[in-house]
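A.B. asks: Please see the structure below; I have some questions.
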Amino acid sequence: MNALNGLTFVYLAIFVALLGAVLWRSQRGAQAMIAIAGLIGAAYGYEVVGAYAVVLPAIVALVGGVQAASGLIAGREARFERHEQPLRRGPLNGIERAKARTLIDQGLWIDAKAGAVLAREGEPVSHLHWIADGTAEVLVDGAPTGTCGPRALIGEATVFSGDPATVTVTLARDGKLWSIDAEALRAFAEAHPDVRQILDHGFTRSLAEKL
C-alpha cells in the first residue's frame, strides 16, 4: 500500500510539473518545469528499478535544465537603450528579455516627418508602428476623428489578420517611431506562441484605450 501511494504521488508530481510546463506563459519557466519532471522521474526510477531506469528521465531533466539556463543567461545579457525602455515596459511588457531584444532588433527606429502615412484606410498595414515621440491624426473617409500621442500603437488592429485598415493615420508633426514589418512580426509571433499571446493581450488593451 505504501509503495502504491508513493507511486501515485510520483505520477501526480510529474503530471503537475508537465501541466505547469504546458500552461506556463514563459518558455523558460516551461523548460524548468520539464527539467523538474525529469528529475522526479529519475529519482523514483533509481529508487524502484535501478540505475538503468535513470537514463531517459535524466536526459529530459538535462535538456530542460540546459535550455532554461541558456534562456536565463541570454535574458541577463540583453540590454535596452534608454529610448527602448518605454517600448519594453509598454506593448512588449511580459515578453522574456532575450525575445524582446530580438523582436526590437527586427524593427527599425525612424525619424519620421509630419504627413507620413502610417496606415491607409482600406489597405493592409505593411508595418506595426509605435510612436515614441510625436502625434498622429486619425481619419475616417478623409475626416479627422481623433489623434494618437506618444506611446500609441498604430496598426495593431489588423497587423496579425492582414485585413485592411479601418482608418488612415498620418503624423501631425515630426516624430520618432519604432516600426516592424508586418510579415516579420507575424513570422516571429508564429515561432513564439508565448510572444503572440502577450502581444494579442497588449493589442486588445491598446485598442480599448483608443475607444
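Chains: A, B, ... in order of the C-alpha cells. Residues: from 1 per chain. Ligands: from 1, in order shown.
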Which residues are near Arg196 in chain A? Cut-off 12 Å, only C-alpha atoms, ignore same chain within fewer than 2 positions. Put them as a ChimeraX atom specification.
C.D. replies: /A:25-26,91-92,94-95,99-100,103,159-160,185-194,198-203
A.B. asks: From a backbone DSSP assignment, name each residue in range 71-210 of chain A labelled strand (DSSP E), as a VMD selection string.
C.D. replies: chain A and resid 108 to 112 117 to 119 127 to 133 136 to 140 143 to 148 153 to 154 168 to 171 175 to 181
A.B. asks: Output the selection as an mmCIF file, in the first residue's frame - N, CA and C atoms for each residue.
C.D. replies:
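Output file part.cif is given in full below:
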data_model
loop_
_atom_site.group_PDB
_atom_site.id
_atom_site.type_symbol
_atom_site.label_atom_id
_atom_site.label_comp_id
_atom_site.auth_asym_id
_atom_site.auth_seq_id
_atom_site.Cartn_x
_atom_site.Cartn_y
_atom_site.Cartn_z
ATOM 1 N N LEU A 108 12.814 48.867 -36.847
ATOM 2 C CA LEU A 108 13.708 49.998 -37.087
ATOM 3 C C LEU A 108 13.212 51.221 -36.321
ATOM 4 N N TRP A 109 14.151 52.013 -35.837
ATOM 5 C CA TRP A 109 13.823 53.303 -35.252
ATOM 6 C C TRP A 109 13.907 54.351 -36.350
ATOM 7 N N ILE A 110 12.818 55.085 -36.539
ATOM 8 C CA ILE A 110 12.712 56.005 -37.673
ATOM 9 C C ILE A 110 12.397 57.410 -37.177
ATOM 10 N N ASP A 111 13.108 58.389 -37.714
ATOM 11 C CA ASP A 111 12.757 59.800 -37.518
ATOM 12 C C ASP A 111 11.852 60.197 -38.672
ATOM 13 N N ALA A 112 10.542 60.196 -38.425
ATOM 14 C CA ALA A 112 9.559 60.416 -39.479
ATOM 15 C C ALA A 112 9.119 61.877 -39.530
ATOM 16 N N VAL A 117 2.362 58.752 -43.819
ATOM 17 C CA VAL A 117 1.177 57.906 -43.668
ATOM 18 C C VAL A 117 1.588 56.606 -42.980
ATOM 19 N N LEU A 118 1.017 56.349 -41.818
ATOM 20 C CA LEU A 118 1.348 55.151 -41.053
ATOM 21 C C LEU A 118 0.385 54.004 -41.344
ATOM 22 N N ALA A 119 -0.819 54.336 -41.711
ATOM 23 C CA ALA A 119 -1.813 53.336 -42.105
ATOM 24 C C ALA A 119 -2.780 54.016 -43.062
ATOM 25 N N HIS A 127 3.286 47.759 -41.821
ATOM 26 C CA HIS A 127 4.132 47.785 -40.642
ATOM 27 C C HIS A 127 3.290 48.073 -39.397
ATOM 28 N N LEU A 128 3.761 47.547 -38.288
ATOM 29 C CA LEU A 128 3.239 47.967 -36.990
ATOM 30 C C LEU A 128 4.128 49.105 -36.508
ATOM 31 N N HIS A 129 3.516 50.197 -36.083
ATOM 32 C CA HIS A 129 4.270 51.360 -35.615
ATOM 33 C C HIS A 129 3.984 51.605 -34.135
ATOM 34 N N TRP A 130 5.001 52.068 -33.437
ATOM 35 C CA TRP A 130 4.851 52.528 -32.063
ATOM 36 C C TRP A 130 5.442 53.924 -32.000
ATOM 37 N N ILE A 131 4.629 54.885 -31.583
ATOM 38 C CA ILE A 131 5.068 56.275 -31.564
ATOM 39 C C ILE A 131 5.846 56.538 -30.281
ATOM 40 N N ALA A 132 7.135 56.729 -30.424
ATOM 41 C CA ALA A 132 7.957 57.077 -29.263
ATOM 42 C C ALA A 132 7.825 58.552 -28.942
ATOM 43 N N ASP A 133 7.748 59.371 -30.002
ATOM 44 C CA ASP A 133 7.591 60.815 -29.823
ATOM 45 C C ASP A 133 6.867 61.347 -31.046
ATOM 46 N N ALA A 136 -0.099 61.701 -34.033
ATOM 47 C CA ALA A 136 -0.676 61.245 -35.293
ATOM 48 C C ALA A 136 -2.154 61.598 -35.343
ATOM 49 N N GLU A 137 -2.641 61.885 -36.553
ATOM 50 C CA GLU A 137 -4.049 62.207 -36.767
ATOM 51 C C GLU A 137 -4.756 61.003 -37.379
ATOM 52 N N VAL A 138 -5.949 60.707 -36.868
ATOM 53 C CA VAL A 138 -6.743 59.578 -37.342
ATOM 54 C C VAL A 138 -7.884 60.115 -38.197
ATOM 55 N N LEU A 139 -8.034 59.526 -39.394
ATOM 56 C CA LEU A 139 -9.076 59.971 -40.315
ATOM 57 C C LEU A 139 -9.908 58.782 -40.784
ATOM 58 N N VAL A 140 -11.200 58.999 -40.926
ATOM 59 C CA VAL A 140 -12.113 58.011 -41.491
ATOM 60 C C VAL A 140 -12.844 58.683 -42.650
ATOM 61 N N ALA A 143 -12.117 62.340 -43.045
ATOM 62 C CA ALA A 143 -12.488 63.298 -41.997
ATOM 63 C C ALA A 143 -11.753 62.965 -40.710
ATOM 64 N N PRO A 144 -11.158 63.965 -40.055
ATOM 65 C CA PRO A 144 -10.457 63.717 -38.784
ATOM 66 C C PRO A 144 -11.423 63.204 -37.708
ATOM 67 N N THR A 145 -10.992 62.182 -36.994
ATOM 68 C CA THR A 145 -11.841 61.614 -35.937
ATOM 69 C C THR A 145 -11.122 61.542 -34.596
ATOM 70 N N GLY A 146 -9.823 61.828 -34.565
ATOM 71 C CA GLY A 146 -9.095 61.753 -33.308
ATOM 72 C C GLY A 146 -7.604 61.854 -33.522
ATOM 73 N N THR A 147 -6.866 61.755 -32.451
ATOM 74 C CA THR A 147 -5.406 61.807 -32.500
ATOM 75 C C THR A 147 -4.812 60.698 -31.633
ATOM 76 N N CYS A 148 -3.565 60.355 -31.940
ATOM 77 C CA CYS A 148 -2.797 59.397 -31.134
ATOM 78 C C CYS A 148 -1.494 60.067 -30.738
ATOM 79 N N LEU A 153 0.239 52.643 -30.297
ATOM 80 C CA LEU A 153 0.480 51.702 -31.381
ATOM 81 C C LEU A 153 -0.394 52.076 -32.573
ATOM 82 N N ILE A 154 0.139 51.855 -33.764
ATOM 83 C CA ILE A 154 -0.602 52.102 -34.989
ATOM 84 C C ILE A 154 -0.578 50.824 -35.833
ATOM 85 N N THR A 168 -7.263 55.827 -41.611
ATOM 86 C CA THR A 168 -5.992 56.363 -42.110
ATOM 87 C C THR A 168 -5.327 57.113 -40.958
ATOM 88 N N VAL A 169 -4.034 56.890 -40.798
ATOM 89 C CA VAL A 169 -3.290 57.555 -39.724
ATOM 90 C C VAL A 169 -2.076 58.246 -40.331
ATOM 91 N N THR A 170 -1.952 59.534 -40.085
ATOM 92 C CA THR A 170 -0.803 60.299 -40.575
ATOM 93 C C THR A 170 -0.166 61.057 -39.421
ATOM 94 N N LEU A 171 1.132 61.266 -39.508
ATOM 95 C CA LEU A 171 1.818 62.035 -38.469
ATOM 96 C C LEU A 171 1.443 63.510 -38.580
ATOM 97 N N GLY A 175 8.206 63.107 -35.738
ATOM 98 C CA GLY A 175 8.246 62.231 -34.576
ATOM 99 C C GLY A 175 9.219 61.082 -34.760
ATOM 100 N N LYS A 176 9.414 60.332 -33.703
ATOM 101 C CA LYS A 176 10.295 59.162 -33.712
ATOM 102 C C LYS A 176 9.422 57.929 -33.532
ATOM 103 N N LEU A 177 9.619 56.931 -34.399
ATOM 104 C CA LEU A 177 8.806 55.727 -34.394
ATOM 105 C C LEU A 177 9.681 54.481 -34.312
ATOM 106 N N TRP A 178 9.111 53.437 -33.712
ATOM 107 C CA TRP A 178 9.655 52.090 -33.883
ATOM 108 C C TRP A 178 8.708 51.379 -34.818
ATOM 109 N N SER A 179 9.229 50.839 -35.913
ATOM 110 C CA SER A 179 8.397 50.194 -36.924
ATOM 111 C C SER A 179 8.939 48.810 -37.230
ATOM 112 N N ILE A 180 8.029 47.851 -37.342
ATOM 113 C CA ILE A 180 8.424 46.491 -37.696
ATOM 114 C C ILE A 180 7.534 45.994 -38.834
ATOM 115 N N ASP A 181 8.144 45.358 -39.811
ATOM 116 C CA ASP A 181 7.419 44.821 -40.952
ATOM 117 C C ASP A 181 6.355 43.824 -40.483
#
A.B. asks: Using only C-alpha atoms, pick whichever of A:Arg151, A:Thr135, A:Glu121, A:Arg173 has the shortest atom-to-atom distance to Gln85 in chain A.
C.D. replies: A:Arg151
A.B. asks: Between CA of Arg97 in chain A and CA of Glu209 in chain A, what is the distance in Å, rounded to a tenth?
C.D. replies: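 The value is 25.5 Å.
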A.B. asks: Between CA of Lys113 in chain A and CA of Arg82 in chain A, what is the distance in Å, rounded to a tenth?
C.D. replies: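 We find that CA of Lys113 in chain A and CA of Arg82 in chain A lie 22.2 Å from each other.
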